[in-house]
Amino acid sequence: MMRLVLLLFALSAFLPATQSDAQSVDDIKRALTVPPSTTTPQPGVRGGLDSRGVTIIEPEQAKANPPSIDLHIPFDFNSDQLTPDAIVVLRRLGEALKDPPLANSRFRIAGHTDAKGAAAYNQKLSEHRAQAVRNYLVFQYDMDASRLEVIGFGFTQLADPAHPEDGVNRRVQIINLGVTNSQ
């Protein structure tokens with residue numbers, strides 16, 4: 001089994017990326033970049049915009065809603081093994097997280113499932129899938145494991161609550177937790 005996983009990782013370097021795949025490296029970088037923090041608006045600033053038309057983002061607002069992106073990282077049914085399609089997405093994520101503006105940030109990798117099956121089973125599966133993503137990034141992109149926090153939510157935070165068994169709910173969310181303490 002380990003040979004198969006290693007073979008898939010090796011082959012992933014030669015897989016072409018297609019237009020129909022998930023977000024691009026640039027899309028991921030944009031979604032995970034923390035906007036520059038600003039101070040409270042000064043006199044002459046109206047409606048959340050400064051005199052140059054720049055949106056004012058309060059530090060508290062940035063903390064309450066950290067930059068994040070939902071990635072569709074395909075797994076086989078009832079499996080935490082990465083598929084070749086998952087590796088294509090993870091290559092983009094790895095490249096984005098190594099980019100200088102993000103290279104010193106910490107990230108939460110949050111696994112989510114659909115609502116098929118028991119809650120306890122889905123909770124463990126979401127944790128294992130998030131861990132598989134973390135392991136790939138650590139081993140393939142030589143990332144410091146301490147930069148990547150793993151958590152699973154099972155089906156407690158559905159992307160589409162109106163359709164709890166839909167595949168759109170099976171996802172991995174990447175959340176920028178801010179700059180590491182080693183900075």
# chains A, B, ... in the order shown; residues from 1 in each chain; ligands from 1

call {"tool": "residues_around", "arguments": {"residues": "Thr83 in chain A", "least_positions_apart": "3", "cutoff": "8 Å", "atoms": "only C-alpha atoms", "output": "compact mmCIF listing (two decimals) with N, CA and C atoms, in the first residue's frame"}}
result
# COMPACT_ATOMS: atom_id res chain seq x y z
N LEU A 8 1.90 7.23 -6.48
CA LEU A 8 0.96 8.32 -6.79
C LEU A 8 1.61 9.68 -6.59
N PRO A 74 -10.63 15.76 -3.81
CA PRO A 74 -11.39 14.52 -3.93
C PRO A 74 -10.74 13.33 -3.21
N PHE A 75 -11.58 12.63 -2.47
CA PHE A 75 -11.21 11.37 -1.83
C PHE A 75 -12.20 10.34 -2.31
N ASP A 76 -11.77 9.09 -2.38
CA ASP A 76 -12.71 8.02 -2.69
C ASP A 76 -13.69 7.89 -1.53
N ALA A 86 -6.84 14.75 -6.27
CA ALA A 86 -6.55 15.47 -5.03
C ALA A 86 -5.13 16.02 -5.07
N ILE A 87 -4.21 15.24 -5.60
CA ILE A 87 -2.81 15.66 -5.65
C ILE A 87 -2.65 16.88 -6.56

call {"tool": "closest_atom_pairs", "arguments": {"of": "range 91-142 of chain A", "to": "range 148-168 of chain A", "cutoff": "7 Å", "atoms": "only C-alpha atoms", "output": "CSV"}}
result
residue,atom,partner,partner_atom,distance
A:Arg106,CA,A:Leu148,CA,6.0
A:Phe107,CA,A:Leu148,CA,5.0
A:Arg108,CA,A:Glu149,CA,4.6
A:Ile109,CA,A:Val150,CA,4.9
A:Ala110,CA,A:Ile151,CA,4.9
A:Gly111,CA,A:Gly152,CA,4.6
A:His112,CA,A:Gly154,CA,5.0
A:Thr113,CA,A:Gly154,CA,5.1
A:Asp114,CA,A:Glu165,CA,5.0
A:Ala115,CA,A:Glu165,CA,5.0
A:Lys116,CA,A:Glu165,CA,5.7
A:Ala119,CA,A:Gly154,CA,6.7
A:Asn122,CA,A:Gly154,CA,4.7
A:Gln123,CA,A:Gly154,CA,3.9
A:Ser126,CA,A:Gly152,CA,4.7
A:Glu127,CA,A:Gly152,CA,4.1
A:Ala130,CA,A:Val150,CA,5.9
A:Gln131,CA,A:Val150,CA,6.2
A:Arg134,CA,A:Leu148,CA,6.6

call {"tool": "residues_around", "arguments": {"residues": "Ile69 in chain A", "least_positions_apart": "6", "cutoff": "10 Å", "atoms": "only C-alpha atoms", "output": "number ranges by chain"}}
result
A: 23, 27-32, 172-176

call {"tool": "atom_distance", "arguments": {"atom1": "CA of Ala132 in chain A", "atom2": "CA of Leu82 in chain A"}}
result
7.1 Å

call {"tool": "atom_distance", "arguments": {"atom1": "CA of Asp85 in chain A", "atom2": "CA of Val25 in chain A"}}
result
15.3 Å

call {"tool": "select_by_dssp", "arguments": {"residues": "range 68-182 of chain A", "states": "alpha helix (DSSP H)", "output": "MDAnalysis selection string"}}
result
chainID A and resid 84:98 119:141

call {"tool": "write_last_selection", "arguments": {"atoms": "N, CA and C atoms", "output": "compact mmCIF listing (two decimals), in the first residue's frame"}}
result
# COMPACT_ATOMS: atom_id res chain seq x y z
N PRO A 84 -5.35 10.87 -7.40
CA PRO A 84 -4.57 11.70 -8.33
C PRO A 84 -5.17 13.10 -8.52
N ASP A 85 -6.49 13.21 -8.56
CA ASP A 85 -7.13 14.52 -8.68
C ASP A 85 -6.88 15.37 -7.43
N ALA A 86 -6.84 14.75 -6.27
CA ALA A 86 -6.55 15.47 -5.03
C ALA A 86 -5.13 16.02 -5.07
N ILE A 87 -4.21 15.24 -5.60
CA ILE A 87 -2.81 15.66 -5.65
C ILE A 87 -2.65 16.88 -6.56
N VAL A 88 -3.42 16.96 -7.63
CA VAL A 88 -3.36 18.14 -8.50
C VAL A 88 -3.72 19.39 -7.70
N VAL A 89 -4.77 19.32 -6.90
CA VAL A 89 -5.19 20.46 -6.09
C VAL A 89 -4.15 20.76 -5.02
N LEU A 90 -3.59 19.72 -4.41
CA LEU A 90 -2.62 19.92 -3.34
C LEU A 90 -1.30 20.50 -3.87
N ARG A 91 -0.97 20.20 -5.11
CA ARG A 91 0.22 20.84 -5.70
C ARG A 91 0.03 22.35 -5.76
N ARG A 92 -1.15 22.78 -6.15
CA ARG A 92 -1.44 24.22 -6.20
C ARG A 92 -1.40 24.83 -4.81
N LEU A 93 -1.98 24.13 -3.85
CA LEU A 93 -1.97 24.62 -2.48
C LEU A 93 -0.55 24.71 -1.95
N GLY A 94 0.25 23.67 -2.19
CA GLY A 94 1.64 23.68 -1.73
C GLY A 94 2.43 24.83 -2.32
N GLU A 95 2.26 25.09 -3.60
CA GLU A 95 2.95 26.21 -4.25
C GLU A 95 2.52 27.54 -3.63
N ALA A 96 1.23 27.67 -3.38
CA ALA A 96 0.72 28.92 -2.80
C ALA A 96 1.27 29.13 -1.39
N LEU A 97 1.30 28.09 -0.57
CA LEU A 97 1.75 28.24 0.80
C LEU A 97 3.25 28.48 0.91
N LYS A 98 4.00 28.14 -0.13
CA LYS A 98 5.45 28.39 -0.14
C LYS A 98 5.78 29.80 -0.66
N ALA A 119 -22.34 10.16 12.64
CA ALA A 119 -21.59 11.37 13.02
C ALA A 119 -20.18 11.02 13.49
N ALA A 120 -20.04 10.01 14.34
CA ALA A 120 -18.72 9.66 14.88
C ALA A 120 -17.79 9.19 13.75
N TYR A 121 -18.32 8.41 12.83
CA TYR A 121 -17.50 7.94 11.71
C TYR A 121 -17.05 9.12 10.84
N ASN A 122 -17.98 10.02 10.53
CA ASN A 122 -17.64 11.17 9.69
C ASN A 122 -16.66 12.11 10.39
N GLN A 123 -16.77 12.21 11.71
CA GLN A 123 -15.83 13.04 12.46
C GLN A 123 -14.41 12.50 12.28
N LYS A 124 -14.23 11.21 12.48
CA LYS A 124 -12.89 10.60 12.32
C LYS A 124 -12.41 10.70 10.88
N LEU A 125 -13.30 10.46 9.93
CA LEU A 125 -12.93 10.54 8.51
C LEU A 125 -12.47 11.95 8.15
N SER A 126 -13.17 12.97 8.63
CA SER A 126 -12.77 14.34 8.33
C SER A 126 -11.40 14.65 8.94
N GLU A 127 -11.12 14.16 10.13
CA GLU A 127 -9.81 14.35 10.76
C GLU A 127 -8.71 13.65 9.95
N HIS A 128 -8.98 12.42 9.52
CA HIS A 128 -7.99 11.67 8.75
C HIS A 128 -7.73 12.32 7.39
N ARG A 129 -8.75 12.83 6.76
CA ARG A 129 -8.56 13.51 5.47
C ARG A 129 -7.74 14.78 5.64
N ALA A 130 -8.02 15.56 6.68
CA ALA A 130 -7.23 16.77 6.94
C ALA A 130 -5.78 16.38 7.23
N GLN A 131 -5.57 15.30 7.96
CA GLN A 131 -4.22 14.83 8.26
C GLN A 131 -3.50 14.38 6.98
N ALA A 132 -4.22 13.75 6.06
CA ALA A 132 -3.62 13.33 4.79
C ALA A 132 -3.14 14.55 4.00
N VAL A 133 -3.92 15.62 4.01
CA VAL A 133 -3.53 16.86 3.34
C VAL A 133 -2.28 17.43 3.99
N ARG A 134 -2.27 17.47 5.32
CA ARG A 134 -1.10 17.97 6.05
C ARG A 134 0.14 17.15 5.73
N ASN A 135 0.01 15.83 5.77
CA ASN A 135 1.16 14.97 5.49
C ASN A 135 1.71 15.21 4.09
N TYR A 136 0.83 15.38 3.13
CA TYR A 136 1.28 15.64 1.77
C TYR A 136 2.09 16.94 1.71
N LEU A 137 1.58 17.99 2.32
CA LEU A 137 2.26 19.28 2.30
C LEU A 137 3.61 19.22 3.03
N VAL A 138 3.65 18.51 4.14
CA VAL A 138 4.91 18.39 4.90
C VAL A 138 5.94 17.61 4.11
N PHE A 139 5.54 16.48 3.53
CA PHE A 139 6.52 15.63 2.85
C PHE A 139 6.85 16.08 1.44
N GLN A 140 5.88 16.62 0.71
CA GLN A 140 6.14 17.01 -0.67
C GLN A 140 6.67 18.43 -0.80
N TYR A 141 6.35 19.29 0.16
CA TYR A 141 6.77 20.69 0.07
C TYR A 141 7.70 21.09 1.22

call {"tool": "select_by_dssp", "arguments": {"residues": "range 45-162 of chain A", "states": "strand (DSSP E)", "output": "MDAnalysis selection string"}}
result
chainID A and resid 68:71 105:112 148:152
